[in-house]
Each structure stands twice: as C-alpha cells, then as structure tokens.
Amino acid sequence: MISCNAFRANLRPGSSEPELLEHLRHCDACLDHAVGVDPDFLFRSIGGEELVPPGGVEAFTHDVMQQLHVRTTESRLAHRVLSWPRRLAVAATIAAGITGAAVVWQHEQHTFESLPPIAAATPKPVSHMAAAAPLTTKPVVETYDSKNATIVEVPSEGSNDVKVVMIFDDQLPADL
Amino acid sequence: MKTRMYMATLLILLCGAAFGNPPVEKEKSLSVRTFQFKYKDAEKAAAIIKPLMSAEGSMSMQGASNALVVTDHAENMKQIANALAQFDSAAQTFRLSVRLVAAGRGEPGARVPDDLKDVAPNLAMLRFTTFEKLGEAEFEGKEGDAGMLEMQTGYRADFHFGEYDPSSDSIKVSDLRVSRLTGAQRDQLTSLLKTTLNLKLGQTVILGAAKAPQSQRSLMIVVVARR
C-alpha cells in the first residue's frame with residue numbers, strides 16, 4: 001500500500017487507480033481528504049471487485065430484496081390506517097358540517113313560521129253560503145233504531161263518489 | 001391527545017344540541033277565546049268543533065249566556081273560529097231528494113231504467129241485477145224543519161233537517177223514518193226503518209236495507225242533500 005504522502009500527491013478528482021482506492025479503504029484520514037477533493041471518492045472507497053459481503057453476494061441480495069418488500073408493505077399499510085390526528089380532523093369536519101346544516105335548516109324553519117299568513121294579508125269576505133272545505137268526515141249512518149242490525153259502509157275511492165251503506169236487519173220485512 | 005379527544009366530544013355534543021328542540025321559542029302557547037252564539041246552541045257547537053281540537057285543547061260551556069270558552073293552540077283556534085262562524089248562522093235552506101229503488105238478484109241482463117243508470121254500477125257491485133224504481137220525491141226546507149215525502153207507490157219518508165256541520169260540510173237528517181202503506185185499502189202505515197244520517201252536501205248516498213246479506217231483494221234509498 002502506498003504512503004499517505006504518495007496518495008495525496010497522486011490524488012486527482014475522478015482518479016480510479018487501484019493503489020489509490022486501496023489506500024482509501026484503509027486510511028480514514030486520507031478518505032476525509034479525498035472526499036474534500038471529490039465527494040465521489042466516498043462511494044469509490046466502498047466498491048471493489050475483491051470485496052464480498054458476509055455470507056456471500058446472493059445472501060446479501062436476498063436480504064436487500066426482503067427489506068424492499070417489508071418497506072413496500074409498510075408504506076401500503078400506512079396509507080390505509082389513519083393516524084389519530086387525521087381521524088380527529090375528519091370527525092371534526094363531519095361534525096361541523098352536520099351542525100352547520102342543522103343550524104341552517106332550523107333558521108329556515110323559523111323564517112317560514114314567522115312569515116305572516118297570506119290570508120291575513122289579503123282578507124276576503126267569507127260568505128256563510130260559501131262551501132267550506134271539509135275538515136272532518138262523519139259516518140253516514142249516525143243512529144239506527146234496531147240493535148240487532150249490521151251496518152256496512154262500502155268504501156269509496158273518492159270523497160265525492162257515490163257512497164253505499166248497507167243495513168242488514170232480520171227484523172225488516174222480506175218484501176221490502 | 002386528551003385535548004383532542006375533549007374537542008371531538010365537544011363537537012359531537014354540539015351536533016346533538018343542534019338537532020334537539022330549540023328552547024322556549026318553539027313551544028306553542030295555548031290561547032283562550034269565548035264564542036257566544038246568536039242562532040245555534042252552544043252544546044251543538046261543542047259537538048261541531050270537537051274533531052277540530054288538539055289533544056291539549058279544552059272547552060267549557062256557559063249555558064246562561066249560550067257561550068263556549070275554547071282553549072287551544074292558535075292554529076287550531078283559527079279553524080275552530082271559522083267553523084263556528086259558519087255554524088252560527090241563521091237557519092239555511094237545503095234540498096233533499098230521495099229515490100226508492102227495489103234491487104233484486106234475478107236473471108242478469110235486465111234493462112236498467114234510464115233514471116237509475118247513475119247508481120246501477122254501484123248496486124251491480126253488490127251483485128244486484130234488477131232494478132225497479134219505487135218512487136222519487138224532493139223536499140226543500142230549513143235547518144230544524146220537518147219534512148215528509150210521499151210516493152205514489154205507497155212509500156213515505158218522514159224526517160227532520162238537523163244542523164249543518166261546516167267542518168264536514170254535511171247536513172244531519174234526523175229520524176228518517178221510511179214506511180209503507182199496507183192493507184187492502186192502503187190505509188195502514190207500516191214502519192220499515194228509522195235512522196239518522198249525516199249527508200255530505202252534493203254526495204249521492206245509497207242506503208240499502210235487507211234482512212240479510214244473501215237476501216234476494218233489498219230496498220235502496222238513494223238520497224242527495226244540496227243547498
């Protein structure tokens with residue numbers, strides 16, 4: 001191996017002489033000096049045809065690929081599982097949205113209720129003879145004088161359709 | 001972390017409060033109003049407005065002054081006041097038209113008289129196939145008037161016009177008694193049925209009477225009340 005003085009004298013940016021690289025691998029002081037001249041020397045100091053990782057190249061490659069798979073899987077899972085701050089942010093957004101919608105809805109309800117009725121603004125004279133819109137319905141047959149009778153009110157489709165009510169009473173004469 | 005959880009809980013509580021009933025301004029107060037009647041009885045007026053009242057509403061009668069004290073929500077009070085204003089009017093005039101039809105379950109295909117074609121489809125639904133008109137009459141009178149309709153076939157109808165009910169737009173026909181002259185000289189009046197009806201104005205009502213559902217003959221009383 002060449003001396004430190006010889007190394008520093010022959011060192012040039014981009015040098016790849018085997019003697020220089022071999023010195024770099026063994027001398028940390030010259031490595032610092034070489035990185036100051038050319039940062040690429042840091043990487044050149046690592047590689048070399050004669051360097052073999054422990055356990056062999058195949059074992060090293062296998063470990064690297066395994067690490068890659070683990071990192072890939074971790075990154076996928078990290079996208080699906082939300083962190084606590086993100087969950088809180090989503091919950092707060094939803095809650096704020098619901099609250100806002102409810103407040104707007106109630107405000108509109110209140111506005112409609114507080115409007116004066118149209119009829120009050122434009123009063124019309126009500127005639128006693130005018131037909132009123134029916135609000136309730138009454139049974140057609142209010143009373144019937146026989147207690148044993150059966151009264152059947154046939155349902156009709158419309159409120160103004162013909163109404164049919166049948167009274168079955170065994171006290172009625174047969175020749176009605 | 002605790003602070004964030006407290007904030008989330010507070011937001012959820014705020015949401016709940018927003019959906020809850022707003023406080024006092026939403027509560028509807030009851031109002032009290034006294035109605036005094038000029039033409040009609042307060043007792044009958046009470047029956048008229050009963051279906052219009054809310055569960056919280058109440059009323060009390062003041063017989064001496066023929067008045068009704070009503071307590072209810074403002075929106076119900078408006079309907080009640082309208083109904084009572086129409087109810088407490090001078091006796092109104094109504095017309096009652098009555099047709100008597102003998103309906104039978106004979107051979108199908110019998111000719112339907114022209115003046116019964118309006119009710120024949122309804123009677124056909126009850127499996128009646130033959131129709132014979134027994135008489136027709138019309139009476140005009142005021143609320144409270146007694147009426148009597150006589151048919152040439154010996155049938156007769158006696159009744160009273162009751163009160164007009166504006167809430168159901170109906171007139172009560174009280175004590176409607178349908179009878180028939182019998183005997184060789186047709187001098188005996190036999191009562192067939194007696195009933196009280198609520199007739200919605202303008203609606204045709206067919207009141208059928210028979211001994212049993214499977215009877216071969218029924219008496220159909222077709223009534224319409226109009227103003």
# chains A, B, ... in the order shown; residues from 1 in each chain; ligands from 1

$ interface_residues --of "chain A" --to "chain B" --cutoff "7 Å" --atoms "only C-alpha atoms" --output "VMD selection string"
chain A and resid 88 92 95 98 to 99 102 to 103 128 132 134 to 145 160 to 172 174 176

$ residues_around --residues "range 58-62 of chain B" --least-positions-apart "3" --cutoff "7 Å" --atoms "only C-alpha atoms" --output "ChimeraX atom specification"
/B:42,65-72

$ write_last_selection --atoms "C-alpha atoms" --output "short mmCIF file (atom, residue, chain, number, x, y, z; two decimals), in the first residue's frame"
data_model
loop_
_atom_site.label_atom_id
_atom_site.label_comp_id
_atom_site.auth_asym_id
_atom_site.auth_seq_id
_atom_site.Cartn_x
_atom_site.Cartn_y
_atom_site.Cartn_z
CA ALA B 42 -123.53 26.17 22.39
CA SER B 65 -125.06 33.15 28.04
CA ASN B 66 -125.14 30.39 25.36
CA ALA B 67 -121.37 30.71 25.02
CA LEU B 68 -118.43 28.38 24.64
CA VAL B 69 -114.96 29.05 26.12
CA VAL B 70 -112.35 27.30 23.98
CA THR B 71 -108.68 26.83 24.87
CA ASP B 72 -106.36 25.57 22.15
#

$ closest_residue --among "B:Leu149, B:Met77, B:Ala46, B:Leu84" --to "Val32 in chain B" --atoms "only C-alpha atoms"
B:Met77

$ select_by_dssp --residues "range 25-154 of chain B" --states "alpha helix (DSSP H)" --output "compact mmCIF listing (two decimals) with N, CA and C atoms, in the first residue's frame"
# COMPACT_ATOMS: atom_id res chain seq x y z
N ALA B 42 -124.95 26.39 22.09
CA ALA B 42 -123.53 26.17 22.39
C ALA B 42 -123.22 24.68 22.51
N GLU B 43 -124.20 23.92 22.98
CA GLU B 43 -123.99 22.48 23.14
C GLU B 43 -123.74 21.81 21.79
N LYS B 44 -124.52 22.21 20.80
CA LYS B 44 -124.33 21.65 19.45
C LYS B 44 -123.02 22.14 18.83
N ALA B 45 -122.68 23.36 19.15
CA ALA B 45 -121.41 23.92 18.64
C ALA B 45 -120.23 23.13 19.20
N ALA B 46 -120.35 22.70 20.45
CA ALA B 46 -119.27 21.93 21.06
C ALA B 46 -119.05 20.63 20.29
N ALA B 47 -120.13 20.00 19.89
CA ALA B 47 -120.01 18.75 19.13
C ALA B 47 -119.37 19.00 17.77
N ILE B 48 -119.65 20.18 17.21
CA ILE B 48 -119.12 20.51 15.88
C ILE B 48 -117.60 20.66 15.94
N ILE B 49 -117.10 21.34 16.98
CA ILE B 49 -115.66 21.66 16.99
C ILE B 49 -114.82 20.58 17.66
N ALA B 74 -103.09 28.37 18.71
CA ALA B 74 -103.57 29.45 17.83
C ALA B 74 -104.00 28.94 16.47
N GLU B 75 -103.22 27.98 15.93
CA GLU B 75 -103.56 27.49 14.58
C GLU B 75 -104.88 26.72 14.60
N ASN B 76 -105.14 25.95 15.67
CA ASN B 76 -106.43 25.25 15.79
C ASN B 76 -107.55 26.25 16.02
N MET B 77 -107.25 27.29 16.78
CA MET B 77 -108.26 28.28 17.11
C MET B 77 -108.79 28.95 15.84
N LYS B 78 -107.91 29.10 14.86
CA LYS B 78 -108.34 29.74 13.61
C LYS B 78 -109.38 28.88 12.90
N GLN B 79 -109.11 27.57 12.83
CA GLN B 79 -110.06 26.65 12.19
C GLN B 79 -111.36 26.60 12.99
N ILE B 80 -111.22 26.56 14.30
CA ILE B 80 -112.41 26.49 15.16
C ILE B 80 -113.27 27.74 14.98
N ALA B 81 -112.62 28.90 14.94
CA ALA B 81 -113.37 30.15 14.77
C ALA B 81 -114.09 30.18 13.42
N ASN B 82 -113.43 29.71 12.37
CA ASN B 82 -114.07 29.67 11.05
C ASN B 82 -115.28 28.75 11.05
N ALA B 83 -115.09 27.56 11.65
CA ALA B 83 -116.19 26.59 11.68
C ALA B 83 -117.38 27.13 12.47
N LEU B 84 -117.08 27.78 13.61
CA LEU B 84 -118.18 28.30 14.43
C LEU B 84 -118.86 29.50 13.77
N ALA B 85 -118.09 30.29 13.02
CA ALA B 85 -118.69 31.43 12.32
C ALA B 85 -119.69 30.95 11.27
N GLN B 86 -119.34 29.86 10.59
CA GLN B 86 -120.27 29.32 9.60
C GLN B 86 -121.44 28.61 10.27
N PHE B 87 -121.15 28.00 11.42
CA PHE B 87 -122.20 27.24 12.11
C PHE B 87 -123.26 28.17 12.68
N ALA B 120 -126.76 2.40 -10.86
CA ALA B 120 -126.76 0.97 -11.20
C ALA B 120 -125.37 0.33 -11.08
N PRO B 121 -124.28 0.99 -11.52
CA PRO B 121 -122.96 0.34 -11.37
C PRO B 121 -122.60 0.05 -9.91
N ASN B 122 -122.98 0.98 -9.01
CA ASN B 122 -122.67 0.75 -7.59
C ASN B 122 -123.48 -0.42 -7.04
N LEU B 123 -124.72 -0.53 -7.49
CA LEU B 123 -125.55 -1.63 -7.00
C LEU B 123 -125.12 -2.96 -7.63
N ALA B 124 -124.63 -2.89 -8.87
CA ALA B 124 -124.15 -4.11 -9.52
C ALA B 124 -122.96 -4.70 -8.77

$ atom_distance --atom1 "CA of Ser45 in chain A" --atom2 "CA of Leu31 in chain A"
8.0 Å

$ select_by_dssp --residues "chain B" --states "strand (DSSP E or B)" --output "PyMOL selection string"
chain B and resi 30-36+58-62+67-73+93-104+130-142+146-150+155-165+170-182+188-200+204-210+217-226

$ atom_distance --atom1 "CA of Pro108 in chain B" --atom2 "CA of Met125 in chain B"
12.8 Å

$ closest_residue --among "B:Arg105, B:Arg226, B:Leu100, B:Ser29" --to "Gly141 in chain B" --atoms "only C-alpha atoms"
B:Arg226

$ closest_residue --among "B:Phe161, B:Thr129, B:Ser97, B:Arg156" --to "Val112 in chain B" --atoms "only C-alpha atoms"
B:Thr129
